[in-house]
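Some notes on the structure that comes next.
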Amino acid sequence: MEAAAAAFGCSQFPAVRSSSATSSSLFSLHDDTYRKNLNFKSSSSFSVRASAATDSVTLLDYGAGNVRSVRNAIRFLGFDIKEVQTPEDILNANRLIFPGVGAFAAAMDVLNKNGMAEALCTYIENDRPFLGICLGLQLLFESSEENGPVKGLGLIPGVVGRFDSSNGFRVPHIGWNALQIRKDSEILDDIGNHHVYFVHSYRAMPSNDNKEWISSTCNYGDNFIASVRRGSVHAVQFHPEKSGDVGLSVLRRFLYPKSHVTQKPTEGKASKLAKRVIACLDVRTNDEGDLVVTKGDQYDVREHTKENEVRNLGKPVELAGQYYKDGADEVSFLNITGFRDFPLGDLPMLQVLRFTSENVFVPLTVGGGIRDFTDANGRHYSSLEVASEYFRSGADKISIGSDAVYAAEAYLKTGVKTGKSSLEQISRVYGNQAVVVSIDPRRVYLNSPDDVEFKAVRVTNPGPNGEEFAWYQCTVNGGREGRPIGAYELANAVEELGAGEILLNCIDCDGQGKGFDIDLIKLISDAVSIPVIASSGAGAVEHFTEVFRKTNASAALAAGIFHRKEVPIQSVKAHLLEEGIEVRL
Ligand code: 1PR
């Protein structure tokens with residue numbers, strides 16, 4: 001099953017397999033115990049629930065995936081969820097939501113085996129209210145090339161194929177892109193001017209045979225099908241449950257057809273893939289045992305006082321909720337002591353994810369401590385189990401730091417992909433779009449690029465002794481240990497090993513507020529064909545413009561300026577917009 005679901009480039013959020021070791025029973029303590037320790041404020045502090053539940057919606061979760069975000073969004077909108085247990089539950093549904101997760105072949109296999117494929121076809125052919133999401137759209141087509149060809153439900157003419165990365169477009173297609181509305185689609189009314197969140201490597205293409213179905217397209221190199229509609233049957237390639245207010249409004253229109261539409265999305269003007277602005281929360285336990293958001297200077301997170309306490313900049317769940325409200329396109333949590341603590345022993349971090357994902361409807365990434373681990377009792381946990389628990393708790397992507405460095409070093413030494421590293425395993429099972437590699441390099445100045453075996457660049461600002469070159473040495477364990485590998489070599493290796501995105505930090509710039517390391521970001525974003533997130537050093541709105549103008553970064557991440565409330569996310573976006581850089585509003 002895991003192998004079958006090996007969703008390379010699969011177009012969906014991570015599929016989560018059950019695992020006895022990480023079953024939720026392992027974490028049976030009640031949420032309330034942790035709300036207190038996390039200083040968690042009730043969700044009502046940053047969300048307004050829709051009117052009380054008047055109805056239920058039937059959810060087709062065929063057991064291969066993590067549909068926690070869809071569940072959270074449905075509940076947030078005031079609906080109860082009925083689970084599909086049998087094909088009859090599909091036929092008896094009032095409204096059916098099908099959030100496809102995992103790989104096309106694995107999904108079809110499950111649907112065919114348990115009789116649900118036939119029930120789905122009957123339900124849809126009878127024009128019953130249906131909303132397919134992501135793979136839930138692709139499965140309606142005749143077939144897919146994903147690990148295939150594999151036959152789909154065959155309701156819509158066409159073949160689902162992979163994006164072509166040869167024309168310079170990064171694959172997976174990750175981020176907020178604009179829709180071109182092709183026909184009246186009820187659930188998409190008014191959102192043509194807005195960005196919605198996509199994450200996929202496969203897509204269906206418009207043709208004469210399927211044109212009657214198409215309600216919107218999206219441009220990413222080619223025009224692909226972003227949504228279809230016929231009568232009461234809708235399906236979308238993007239993720240409404242991760243598309244903020246605009247996405248919630250799509251779900252609301254499906255759940256409350258024609259009436260009860262209380263909220264229109266705000267004004268916007270979208271035309272292509274937007275540059276993302278990401279808020280990052282470095283999280284750790286302070287000396288009093290509370291989980292706090294901290295932020296260091298060049299990775300030193302302790303105050304320079306007599307007490308030398310961990311800098312406390314706020315509460316993780318509250319800050320994440322605030323950044324969502326402020327317009328962050330994604331929120332990242334980095335468990336910065338994860339390298340020495342066992343993350344599955346770190347229940348508060350998992351609870352942070354659970355509570356955050358109930359109210360934050362943009363992608364959540366979590367990193368820190370993702371590796372194989374043997375506890376004091378000799379019980380072995382694989383990195384897959386660690387990642388699985390993060391996904392199950394609400395993460396959409398996981399981020400690997402130290403362990404990816406070791407994997408890349410081994411790969412470059414032997415030239416052999418063992419398939420055993422955490423990066424390879426998680427990517428194989430969950431798809432590369434779910435795996436970020438976080439790089440923590442330190443600049444090392446050189447007089448000549450020939451002084452080192454790693455890729456060096458001519459630096460914009462010479463070093464302290466007039467050095468004109470530098471290489472970027474990767475580190476592990478929160479910057480504590482330098483490794484014999486450069487950021488350039490690491491980035492290329494981890495792309496080959498299955499990373500879907502790179503989070504590119506720079507220890508020298510971290511917390512300095514003097515701007516991103518443009519030389520480094522240009523080097524890496526030109527070297528790989530997966531998206532690169534520029535991180536470290538943002539101190540003013542102009543720094544974001546600079547990084548997007550001068551490099552091929554797909555996103556820019558900041559921490560300190562947001563936590564210290566020096567520059568709000570809205571100001572960053574307003575400035576980017578003024579400078580002609582497309583962002584999601
Ligand atoms: O090695 O897999 O356990 O992952 C550990 C993760 O924790 C890595 O992603 C690593 O970057 C992060 N980390 C470890 N120690 C620290 C530390 O600060 N002492 N945080 C740390 C690194 C990186 C950023 C930061 C930006 C933006 N933080 O994402 O938030 O540099 O900051 P700025 O805008 O204030 O300049 P593993």
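Letters A, B, ... go to the chains of the structure tokens in the order shown; residues in each chain start at 1; ligands are counted from 1 in the same order.
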**Request:** Residues within 8 Å of ligand 1 should be enumerated using only C-alpha atoms and all ligand atoms and returned as a PyMOL selection string.
**Result:** chain A and resi 280-282+295-301+332+334-340+367-371+399-404+437-440+476-479+503+505-507+509-513+535-539+557-562
**Message:** Set the distance at 10 Å and use only C-alpha atoms: which residues neighbour Glu288 of chain A once local chain neighbours fewer than 3 positions away are removed? I'd like the list as a list in words.
**Reply:** Thr285, Leu291, Glu309 and Val310 of chain A
**Message:** I need the residues in segment 474-557 of chain A that are alpha helix (DSSP H) according to DSSP; give them as an MDAnalysis selection string.
**Reply:** chainID A and resid 487:497 518:527 541:550
**Item:** Non-local contacts of Gly192 of chain A (6 Å; only C-alpha atoms; under 4 positions in same chain excluded) as a ChimeraX atom specification
**Value:** /A:179-181
**Prompt:** What lies within 9 Å of segment 358-365 of chain A using only C-alpha atoms, ignoring chain neighbours under 5 positions off, as a PyMOL selection string?
**Reply:** chain A and resi 43-44+46-47+68-69+71-73+75-76+197+240-245+247-248+320-321+324-325+328-334+353+394-399+434+436
Please produce, as CSV, a per-residue contact table for segment 213-303 of chain A versus segment 565-583 of chain A (criterion: any atom at most 7 Å away, only C-alpha atoms considered), showing the nearest atom pair and its distance in Å to one decimal, sorted by chain then residue number.
residue,atom,partner,partner_atom,distance
A:Ala274,CA,A:Val583,CA,4.6
A:Lys275,CA,A:Val583,CA,5.3
A:Arg276,CA,A:Val583,CA,6.6
Let me see the file: selected residues, all heavy atoms, as a compact mmCIF listing (two decimals), in the first residue's frame.
# COMPACT_ATOMS: atom_id res chain seq x y z
N ALA A 274 1.65 34.10 -7.65
CA ALA A 274 2.09 35.20 -6.78
C ALA A 274 3.37 34.81 -6.06
O ALA A 274 3.64 33.63 -5.82
CB ALA A 274 1.00 35.50 -5.76
N LYS A 275 4.16 35.80 -5.71
CA LYS A 275 5.29 35.56 -4.82
C LYS A 275 4.72 35.42 -3.41
O LYS A 275 3.82 36.19 -3.02
CB LYS A 275 6.28 36.73 -4.87
CG LYS A 275 6.95 36.89 -6.24
CD LYS A 275 7.92 35.77 -6.55
CE LYS A 275 8.68 36.01 -7.85
NZ LYS A 275 9.56 34.90 -8.22
N ARG A 276 5.22 34.46 -2.66
CA ARG A 276 4.66 34.20 -1.33
C ARG A 276 5.43 34.94 -0.23
O ARG A 276 6.65 35.05 -0.30
CB ARG A 276 4.74 32.70 -1.01
CG ARG A 276 3.74 31.86 -1.75
CD ARG A 276 4.02 30.38 -1.53
NE ARG A 276 5.07 29.87 -2.39
CZ ARG A 276 5.82 28.81 -2.13
NH1 ARG A 276 5.66 28.15 -1.00
NH2 ARG A 276 6.74 28.40 -2.99
**Request:** Identify, on the basis of only C-alpha atoms, every residue whose closest approach to Ile524 of chain A does not exceed 10 Å; exclude the query and any residue fewer than 6 positions from it along the same chain; express the result as a ChimeraX atom specification.
**Result:** /A:487-492,502,504,518,532,534,551-553
List every residue of segment 46-158 of chain A that DSSP, applied to the backbone, labels as strand (DSSP E), and write the result as a PDB file with N, CA, C and O atoms, in the first residue's frame.
ATOM      1  N   SER A  56     -25.463  18.435   7.623  1.00  0.00           N
ATOM      2  CA  SER A  56     -24.171  17.767   7.622  1.00  0.00           C
ATOM      3  C   SER A  56     -23.736  17.566   6.175  1.00  0.00           C
ATOM      4  O   SER A  56     -24.549  17.605   5.256  1.00  0.00           O
ATOM      5  N   VAL A  57     -22.466  17.368   6.029  1.00  0.00           N
ATOM      6  CA  VAL A  57     -21.924  17.121   4.706  1.00  0.00           C
ATOM      7  C   VAL A  57     -21.232  15.759   4.758  1.00  0.00           C
ATOM      8  O   VAL A  57     -20.640  15.397   5.775  1.00  0.00           O
ATOM      9  N   THR A  58     -21.348  15.013   3.679  1.00  0.00           N
ATOM     10  CA  THR A  58     -20.732  13.691   3.658  1.00  0.00           C
ATOM     11  C   THR A  58     -19.330  13.820   3.079  1.00  0.00           C
ATOM     12  O   THR A  58     -19.123  14.493   2.057  1.00  0.00           O
ATOM     13  N   LEU A  59     -18.377  13.200   3.757  1.00  0.00           N
ATOM     14  CA  LEU A  59     -16.978  13.308   3.352  1.00  0.00           C
ATOM     15  C   LEU A  59     -16.485  11.944   2.911  1.00  0.00           C
ATOM     16  O   LEU A  59     -16.588  10.973   3.663  1.00  0.00           O
ATOM     17  N   ASP A  80     -21.582  19.663  10.283  1.00  0.00           N
ATOM     18  CA  ASP A  80     -21.133  18.382  10.831  1.00  0.00           C
ATOM     19  C   ASP A  80     -20.669  17.521   9.668  1.00  0.00           C
ATOM     20  O   ASP A  80     -21.063  17.749   8.524  1.00  0.00           O
ATOM     21  N   ILE A  81     -19.875  16.513  10.001  1.00  0.00           N
ATOM     22  CA  ILE A  81     -19.342  15.650   8.935  1.00  0.00           C
ATOM     23  C   ILE A  81     -19.865  14.229   9.114  1.00  0.00           C
ATOM     24  O   ILE A  81     -19.801  13.672  10.207  1.00  0.00           O
ATOM     25  N   LYS A  82     -20.403  13.703   8.028  1.00  0.00           N
ATOM     26  CA  LYS A  82     -20.789  12.280   8.007  1.00  0.00           C
ATOM     27  C   LYS A  82     -19.736  11.557   7.197  1.00  0.00           C
ATOM     28  O   LYS A  82     -19.404  11.990   6.088  1.00  0.00           O
ATOM     29  N   GLU A  83     -19.240  10.451   7.728  1.00  0.00           N
ATOM     30  CA  GLU A  83     -18.189   9.725   7.015  1.00  0.00           C
ATOM     31  C   GLU A  83     -18.801   8.717   6.045  1.00  0.00           C
ATOM     32  O   GLU A  83     -19.801   8.086   6.360  1.00  0.00           O
ATOM     33  N   LEU A  96     -21.740  15.859  -1.111  1.00  0.00           N
ATOM     34  CA  LEU A  96     -20.569  14.992  -0.960  1.00  0.00           C
ATOM     35  C   LEU A  96     -19.298  15.777  -1.287  1.00  0.00           C
ATOM     36  O   LEU A  96     -19.215  16.422  -2.330  1.00  0.00           O
ATOM     37  N   ILE A  97     -18.335  15.734  -0.377  1.00  0.00           N
ATOM     38  CA  ILE A  97     -17.021  16.350  -0.655  1.00  0.00           C
ATOM     39  C   ILE A  97     -15.996  15.226  -0.748  1.00  0.00           C
ATOM     40  O   ILE A  97     -15.926  14.340   0.097  1.00  0.00           O
ATOM     41  N   PHE A  98     -15.179  15.302  -1.812  1.00  0.00           N
ATOM     42  CA  PHE A  98     -14.201  14.247  -2.074  1.00  0.00           C
ATOM     43  C   PHE A  98     -12.816  14.881  -2.188  1.00  0.00           C
ATOM     44  O   PHE A  98     -12.402  15.299  -3.259  1.00  0.00           O
ATOM     45  N   PRO A  99     -12.104  14.996  -1.067  1.00  0.00           N
ATOM     46  CA  PRO A  99     -10.767  15.568  -1.117  1.00  0.00           C
ATOM     47  C   PRO A  99      -9.751  14.479  -1.454  1.00  0.00           C
ATOM     48  O   PRO A  99      -9.268  13.797  -0.569  1.00  0.00           O
ATOM     49  N   GLY A 100      -9.442  14.313  -2.704  1.00  0.00           N
ATOM     50  CA  GLY A 100      -8.514  13.252  -3.101  1.00  0.00           C
ATOM     51  C   GLY A 100      -7.128  13.495  -2.539  1.00  0.00           C
ATOM     52  O   GLY A 100      -6.636  14.617  -2.557  1.00  0.00           O
ATOM     53  N   PHE A 130     -21.828  17.682  -5.532  1.00  0.00           N
ATOM     54  CA  PHE A 130     -20.519  17.029  -5.381  1.00  0.00           C
ATOM     55  C   PHE A 130     -19.432  18.088  -5.481  1.00  0.00           C
ATOM     56  O   PHE A 130     -19.499  18.992  -6.320  1.00  0.00           O
ATOM     57  N   LEU A 131     -18.435  17.980  -4.620  1.00  0.00           N
ATOM     58  CA  LEU A 131     -17.247  18.833  -4.740  1.00  0.00           C
ATOM     59  C   LEU A 131     -16.003  17.963  -4.618  1.00  0.00           C
ATOM     60  O   LEU A 131     -15.715  17.396  -3.563  1.00  0.00           O
ATOM     61  N   GLY A 132     -15.257  17.846  -5.724  1.00  0.00           N
ATOM     62  CA  GLY A 132     -13.979  17.126  -5.706  1.00  0.00           C
ATOM     63  C   GLY A 132     -12.857  18.136  -5.513  1.00  0.00           C
ATOM     64  O   GLY A 132     -12.919  19.247  -6.042  1.00  0.00           O
ATOM     65  N   ILE A 133     -11.845  17.756  -4.751  1.00  0.00           N
ATOM     66  CA  ILE A 133     -10.723  18.675  -4.500  1.00  0.00           C
ATOM     67  C   ILE A 133      -9.421  18.003  -4.925  1.00  0.00           C
ATOM     68  O   ILE A 133      -9.135  16.873  -4.508  1.00  0.00           O
ATOM     69  N   CYS A 134      -8.654  18.699  -5.758  1.00  0.00           N
ATOM     70  CA  CYS A 134      -7.317  18.280  -6.180  1.00  0.00           C
ATOM     71  C   CYS A 134      -7.362  16.913  -6.872  1.00  0.00           C
ATOM     72  O   CYS A 134      -7.872  16.810  -7.978  1.00  0.00           O
ATOM     73  N   PHE A 141     -11.369  12.234 -14.569  1.00  0.00           N
ATOM     74  CA  PHE A 141     -10.941  12.126 -15.972  1.00  0.00           C
ATOM     75  C   PHE A 141     -10.738  10.661 -16.382  1.00  0.00           C
ATOM     76  O   PHE A 141     -10.806   9.756 -15.552  1.00  0.00           O
ATOM     77  N   GLU A 142     -10.477  10.490 -17.691  1.00  0.00           N
ATOM     78  CA  GLU A 142     -10.361   9.117 -18.210  1.00  0.00           C
ATOM     79  C   GLU A 142      -9.152   8.372 -17.656  1.00  0.00           C
ATOM     80  O   GLU A 142      -9.230   7.196 -17.327  1.00  0.00           O
ATOM     81  N   SER A 143      -8.018   9.085 -17.591  1.00  0.00           N
ATOM     82  CA  SER A 143      -6.815   8.399 -17.105  1.00  0.00           C
ATOM     83  C   SER A 143      -5.770   9.416 -16.657  1.00  0.00           C
ATOM     84  O   SER A 143      -5.924  10.624 -16.884  1.00  0.00           O
ATOM     85  N   SER A 144      -4.718   8.898 -16.008  1.00  0.00           N
ATOM     86  CA  SER A 144      -3.615   9.763 -15.585  1.00  0.00           C
ATOM     87  C   SER A 144      -2.289   9.108 -15.960  1.00  0.00           C
ATOM     88  O   SER A 144      -2.163   7.874 -15.950  1.00  0.00           O
ATOM     89  N   VAL A 150      -2.987   5.126 -15.874  1.00  0.00           N
ATOM     90  CA  VAL A 150      -3.922   4.490 -14.953  1.00  0.00           C
ATOM     91  C   VAL A 150      -5.316   5.000 -15.288  1.00  0.00           C
ATOM     92  O   VAL A 150      -5.493   6.198 -15.505  1.00  0.00           O
ATOM     93  N   LYS A 151      -6.282   4.106 -15.337  1.00  0.00           N
ATOM     94  CA  LYS A 151      -7.657   4.504 -15.664  1.00  0.00           C
ATOM     95  C   LYS A 151      -8.316   5.243 -14.518  1.00  0.00           C
ATOM     96  O   LYS A 151      -8.187   4.845 -13.359  1.00  0.00           O
ATOM     97  N   ILE A 156     -15.074  12.573 -17.366  1.00  0.00           N
ATOM     98  CA  ILE A 156     -14.686  13.735 -18.169  1.00  0.00           C
ATOM     99  C   ILE A 156     -13.617  13.288 -19.170  1.00  0.00           C
ATOM    100  O   ILE A 156     -12.640  12.634 -18.776  1.00  0.00           O
ATOM    101  N   PRO A 157     -13.776  13.645 -20.451  1.00  0.00           N
ATOM    102  CA  PRO A 157     -12.761  13.253 -21.434  1.00  0.00           C
ATOM    103  C   PRO A 157     -11.424  13.931 -21.144  1.00  0.00           C
ATOM    104  O   PRO A 157     -11.391  15.116 -20.818  1.00  0.00           O
ATOM    105  N   GLY A 158     -10.341  13.188 -21.259  1.00  0.00           N
ATOM    106  CA  GLY A 158      -9.017  13.788 -21.095  1.00  0.00           C
ATOM    107  C   GLY A 158      -8.099  12.951 -20.245  1.00  0.00           C
ATOM    108  O   GLY A 158      -8.525  12.074 -19.488  1.00  0.00           O
TER     109      GLY A 158
END
**Item:** Separation of atom CA of Val159 of chain A from atom CA of Ile191 of chain A in Å
**Value:**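 Between atom CA of Ile191 of chain A and atom CA of Val159 of chain A the gap works out to 26.6 Å.
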